>>> print(open('work-v1.tsv').read())   # TSV, C-alpha atoms
chain	number	residue	atom	x	y	z
A	1	GLU	CA	55.50	69.11	-42.15
A	2	ALA	CA	53.18	71.03	-39.92
A	3	ASP	CA	50.77	68.23	-40.32
A	4	GLU	CA	53.36	65.73	-39.36
A	5	LEU	CA	54.38	67.85	-36.40
A	6	SER	CA	50.78	68.14	-35.33
A	7	GLN	CA	50.38	64.42	-35.74
A	8	ARG	CA	53.41	63.77	-33.61
A	9	GLU	CA	52.22	66.20	-30.97
A	10	VAL	CA	48.78	64.63	-30.99
A	11	SER	CA	50.34	61.19	-30.87
A	12	SER	CA	52.66	62.31	-28.10
A	13	LEU	CA	49.72	63.83	-26.21
A	14	ARG	CA	47.73	60.63	-26.70
A	15	ASP	CA	50.60	58.52	-25.48
A	16	ARG	CA	51.10	60.80	-22.48
A	17	HIS	CA	47.35	60.85	-21.87
A	18	LYS	CA	47.25	57.07	-22.16
A	19	ALA	CA	50.23	56.74	-19.81
A	20	ASP	CA	48.63	59.22	-17.37
A	21	MET	CA	45.37	57.31	-17.54
A	22	GLU	CA	47.19	54.03	-16.93
A	23	GLU	CA	49.06	55.63	-14.02
A	24	MET	CA	45.82	57.02	-12.59
A	25	LYS	CA	44.12	53.66	-13.12
A	26	ARG	CA	47.01	51.90	-11.37
A	27	ALA	CA	47.01	54.45	-8.53
A	28	LEU	CA	43.24	54.17	-8.22
A	29	GLN	CA	43.56	50.39	-8.18
A	30	GLU	CA	46.21	50.63	-5.41
A	31	VAL	CA	43.98	52.96	-3.40
A	32	HIS	CA	41.06	50.60	-3.93
A	33	GLU	CA	43.15	47.59	-2.89
A	34	GLN	CA	44.45	49.48	0.17
A	35	ASP	CA	40.90	50.47	1.11
A	36	LEU	CA	39.82	46.87	0.62
A	37	ARG	CA	42.65	45.64	2.89
A	38	VAL	CA	41.67	48.20	5.53
A	39	VAL	CA	38.01	47.21	5.31
A	40	LYS	CA	38.90	43.51	5.50
A	41	ALA	CA	41.20	44.12	8.47
A	42	GLU	CA	38.46	46.13	10.18
A	43	ARG	CA	35.94	43.38	9.40
A	44	ASP	CA	38.32	40.73	10.80
A	45	SER	CA	38.90	42.86	13.89
A	46	ARG	CA	35.17	43.39	14.39
A	47	SER	CA	34.56	39.69	13.83
A	48	ALA	CA	37.18	38.81	16.46
A	49	ASP	CA	35.63	41.37	18.84
A	50	LEU	CA	32.21	39.87	18.20
A	51	GLN	CA	33.50	36.37	18.91
A	52	ARG	CA	35.10	37.54	22.17
A	53	VAL	CA	31.90	39.31	23.22
A	54	GLU	CA	29.77	36.30	22.28
A	55	SER	CA	32.14	34.02	24.19
A	56	LYS	CA	31.96	36.27	27.26
A	57	LEU	CA	28.19	36.41	26.93
A	58	ALA	CA	27.93	32.62	26.70
A	59	LEU	CA	30.15	32.27	29.76
A	60	ARG	CA	28.13	34.82	31.72
A	61	GLU	CA	24.87	33.20	30.67
A	62	GLN	CA	26.22	29.85	31.90
A	63	VAL	CA	27.33	31.43	35.18
A	64	TYR	CA	23.88	33.03	35.48
A	65	GLU	CA	22.12	29.72	34.80
A	66	ASP	CA	24.39	27.97	37.32
A	67	ALA	CA	23.61	30.66	39.88
A	68	ILE	CA	19.86	30.30	39.25
A	69	GLN	CA	20.12	26.54	39.63
A	70	ALA	CA	22.21	26.87	42.81
A	71	HIS	CA	19.70	29.37	44.19
A	72	GLN	CA	16.80	27.04	43.43
A	73	SER	CA	18.61	24.11	45.04
A	74	PHE	CA	19.45	26.23	48.07
A	75	GLN	CA	15.86	27.46	48.28
A	76	LEU	CA	14.54	23.89	48.17
A	77	MET	CA	17.03	22.85	50.85
A	78	VAL	CA	16.07	25.82	53.05
A	79	GLU	CA	12.36	25.11	52.56
A	80	GLY	CA	12.96	21.46	53.49
A	81	GLN	CA	14.91	22.47	56.59
A	82	LEU	CA	12.24	25.02	57.48
A	83	SER	CA	9.55	22.37	57.13
A	84	GLU	CA	11.59	20.01	59.33
A	85	LEU	CA	12.10	22.76	61.92
A	86	ARG	CA	8.38	23.55	61.92
A	87	THR	CA	7.62	19.88	62.50
A	88	GLN	CA	10.17	19.75	65.32
A	89	LEU	CA	8.69	22.94	66.78
A	90	LYS	CA	5.20	21.39	66.79
A	91	ILE	CA	6.56	18.29	68.49
A	92	LYS	CA	8.48	20.37	71.05
A	93	SER	CA	5.44	22.56	71.66
A	94	PHE	CA	3.30	19.48	72.24
A	95	GLU	CA	5.97	18.04	74.57
A	96	TYR	CA	6.23	21.38	76.38
A	97	GLU	CA	2.45	21.54	76.88
A	98	ARG	CA	2.43	17.94	78.11
A	99	MET	CA	5.34	18.62	80.48
A	100	ALA	CA	3.70	21.85	81.69
A	101	ALA	CA	0.48	19.95	82.42
A	102	LEU	CA	2.47	17.20	84.15
A	103	HIS	CA	4.38	19.81	86.14
A	104	GLU	CA	1.12	21.44	87.20
A	105	GLU	CA	-0.24	18.08	88.28
A	106	VAL	CA	2.94	17.23	90.22
A	107	ALA	CA	2.94	20.69	91.82
A	108	ARG	CA	-0.73	20.28	92.80
A	109	GLU	CA	-0.06	16.81	94.22
A	110	ALA	CA	3.00	18.14	96.08
A	111	ARG	CA	0.91	20.97	97.50
A	112	GLU	CA	-1.79	18.49	98.51
A	113	CYS	CA	0.85	16.24	100.08
A	114	ARG	CA	2.26	19.20	102.07
A	115	GLU	CA	-1.21	20.15	103.18
A	116	GLU	CA	-1.95	16.56	104.14
A	117	ARG	CA	1.39	16.30	105.93
A	118	GLU	CA	0.63	19.52	107.78
A	119	GLU	CA	-2.76	18.17	108.81
A	120	MET	CA	-1.17	14.90	109.93
A	121	ARG	CA	1.51	16.77	111.85
A	122	LYS	CA	-1.20	18.74	113.62
A	123	LYS	CA	-3.11	15.53	114.37
A	124	LEU	CA	0.10	13.93	115.63
A	125	GLU	CA	0.75	16.88	117.89
A	126	THR	CA	-2.78	16.71	119.14
A	127	LEU	CA	-2.47	12.97	119.75
A	128	GLN	CA	0.87	13.43	121.48
A	129	GLU	CA	-0.59	16.10	123.73
A	130	LYS	CA	-3.53	13.85	124.57
A	131	HIS	CA	-1.21	10.96	125.20
A	132	LEU	CA	0.97	13.09	127.46
A	133	HIS	CA	-2.11	14.20	129.43
A	134	VAL	CA	-3.32	10.76	129.89
>>> encode(input="work-v1.tsv", output="structure tokens")
Amino acid sequence: EADELSQREVSSLRDRHKADMEEMKRALQEVHEQDLRVVKAERDSRSADLQRVESKLALREQVYEDAIQAHQSFQLMVEGQLSELRTQLKIKSFEYERMAALHEEVAREARECREEREEMRKKLETLQEKHLHV
């Protein structure tokens, strides 16, 4: 009987050990599955974050490229306008120099005409005086 009792106790201990092992295995499996869900959720969250960041980056890169292109277009336009203004300035400078020379010539001729008029006025006065004395 002691043997049978020992056998039963051993069998009972084995069954309890087996049940405990199964329970631990099941609990460990649940913990593993929970950890796996958490890791997958974290991965999905990180993946979504990465997609948002990449999308923002792509948008900002496009905005940057558009800004560079707009700047280059603006720079070309400004350079073209500057070239046109330089050309107009050269033309205006040439016209100014020509007008200044013409003005000088007209002023000189006007001065000569005044001088000549003054001489003729003096001659006229002299002739009038001679005519009055005659």
>>> closest_atom_pairs(input="work-v1.tsv", of="stretch 41-125 of chain A", to="stretch 17-37 of chain A", cutoff="10 Å", atoms="all atoms listed in the file", output="tab-separated table")
residue	atom	partner	partner_atom	distance
A:Ala41	CA	A:Arg37	CA	6.0
A:Glu42	CA	A:Arg37	CA	8.4
A:Arg43	CA	A:Arg37	CA	9.6
>>> atom_distance(input="work-v1.tsv", atom1="atom CA of A:Ala48", atom2="atom CA of A:Gln62")
20.9 Å
>>> atom_distance(input="work-v1.tsv", atom1="atom CA of A:Arg117", atom2="atom CA of A:Val134")
25.0 Å
>>> decode(input="work-v1.tsv", residues="stretch 39-66 of chain A", atoms="N, CA, C and O atoms", output="short mmCIF file (atom, residue, chain, number, x, y, z; two decimals), in the first residue's frame")
data_model
loop_
_atom_site.label_atom_id
_atom_site.label_comp_id
_atom_site.auth_asym_id
_atom_site.auth_seq_id
_atom_site.Cartn_x
_atom_site.Cartn_y
_atom_site.Cartn_z
N VAL A 39 4.87 44.98 -29.95
CA VAL A 39 5.95 45.25 -30.90
C VAL A 39 5.37 45.58 -32.28
O VAL A 39 5.81 46.52 -32.95
N LYS A 40 4.36 44.81 -32.70
CA LYS A 40 3.74 45.07 -34.00
C LYS A 40 3.06 46.44 -34.01
O LYS A 40 3.16 47.18 -34.98
N ALA A 41 2.36 46.77 -32.91
CA ALA A 41 1.70 48.07 -32.83
C ALA A 41 2.74 49.19 -32.87
O ALA A 41 2.55 50.21 -33.54
N GLU A 42 3.84 48.99 -32.15
CA GLU A 42 4.92 49.99 -32.15
C GLU A 42 5.52 50.11 -33.55
O GLU A 42 5.79 51.22 -34.03
N ARG A 43 5.74 48.95 -34.20
CA ARG A 43 6.26 48.97 -35.57
C ARG A 43 5.31 49.71 -36.50
O ARG A 43 5.73 50.55 -37.30
N ASP A 44 4.00 49.42 -36.39
CA ASP A 44 3.01 50.09 -37.24
C ASP A 44 3.00 51.59 -36.97
O ASP A 44 2.92 52.40 -37.90
N SER A 45 3.10 51.94 -35.69
CA SER A 45 3.12 53.37 -35.32
C SER A 45 4.36 54.05 -35.89
O SER A 45 4.28 55.14 -36.46
N ARG A 46 5.50 53.39 -35.74
CA ARG A 46 6.76 53.95 -36.28
C ARG A 46 6.70 54.04 -37.80
O ARG A 46 7.18 55.00 -38.39
N SER A 47 6.10 53.03 -38.41
CA SER A 47 5.97 53.03 -39.87
C SER A 47 5.09 54.19 -40.33
O SER A 47 5.41 54.89 -41.29
N ALA A 48 3.99 54.41 -39.61
CA ALA A 48 3.10 55.54 -39.94
C ALA A 48 3.83 56.86 -39.72
O ALA A 48 3.72 57.78 -40.54
N ASP A 49 4.59 56.96 -38.61
CA ASP A 49 5.38 58.17 -38.36
C ASP A 49 6.38 58.40 -39.49
O ASP A 49 6.54 59.52 -39.96
N LEU A 50 7.04 57.32 -39.89
CA LEU A 50 8.02 57.41 -40.96
C LEU A 50 7.36 57.89 -42.26
O LEU A 50 7.89 58.77 -42.95
N GLN A 51 6.20 57.35 -42.57
CA GLN A 51 5.50 57.77 -43.78
C GLN A 51 5.11 59.25 -43.71
O GLN A 51 5.24 59.97 -44.70
N ARG A 52 4.65 59.70 -42.53
CA ARG A 52 4.30 61.12 -42.38
C ARG A 52 5.54 62.00 -42.56
O ARG A 52 5.49 63.01 -43.25
N VAL A 53 6.64 61.58 -41.94
CA VAL A 53 7.88 62.37 -42.04
C VAL A 53 8.38 62.38 -43.48
O VAL A 53 8.79 63.42 -44.00
N GLU A 54 8.33 61.22 -44.14
CA GLU A 54 8.77 61.15 -45.53
C GLU A 54 7.88 62.01 -46.42
O GLU A 54 8.35 62.66 -47.34
N SER A 55 6.58 61.99 -46.14
CA SER A 55 5.64 62.82 -46.91
C SER A 55 5.95 64.30 -46.71
O SER A 55 5.98 65.07 -47.68
N LYS A 56 6.16 64.69 -45.45
CA LYS A 56 6.51 66.08 -45.17
C LYS A 56 7.82 66.46 -45.85
O LYS A 56 7.95 67.55 -46.40
N LEU A 57 8.78 65.55 -45.80
CA LEU A 57 10.07 65.80 -46.43
C LEU A 57 9.91 65.98 -47.94
O LEU A 57 10.47 66.92 -48.52
N ALA A 58 9.14 65.10 -48.55
CA ALA A 58 8.92 65.21 -50.00
C ALA A 58 8.25 66.53 -50.33
O ALA A 58 8.64 67.21 -51.30
N LEU A 59 7.26 66.93 -49.53
CA LEU A 59 6.58 68.20 -49.76
C LEU A 59 7.56 69.36 -49.61
O LEU A 59 7.60 70.27 -50.45
N ARG A 60 8.36 69.33 -48.56
CA ARG A 60 9.32 70.41 -48.33
C ARG A 60 10.39 70.45 -49.41
O ARG A 60 10.82 71.53 -49.82
N GLU A 61 10.81 69.28 -49.86
CA GLU A 61 11.79 69.24 -50.96
C GLU A 61 11.18 69.85 -52.22
O GLU A 61 11.85 70.58 -52.94
N GLN A 62 9.90 69.56 -52.48
CA GLN A 62 9.24 70.13 -53.65
C GLN A 62 9.12 71.64 -53.51
O GLN A 62 9.37 72.39 -54.46
N VAL A 63 8.75 72.09 -52.32
CA VAL A 63 8.65 73.54 -52.06
C VAL A 63 10.01 74.18 -52.26
O VAL A 63 10.14 75.24 -52.87
N TYR A 64 11.06 73.51 -51.76
CA TYR A 64 12.43 74.03 -51.91
C TYR A 64 12.81 74.11 -53.39
O TYR A 64 13.34 75.13 -53.84
N GLU A 65 12.54 73.05 -54.13
CA GLU A 65 12.86 73.04 -55.56
C GLU A 65 12.07 74.13 -56.29
O GLU A 65 12.62 74.81 -57.16
N ASP A 66 10.80 74.30 -55.94
CA ASP A 66 9.99 75.35 -56.55
C ASP A 66 10.57 76.73 -56.23
O ASP A 66 10.62 77.61 -57.09
#
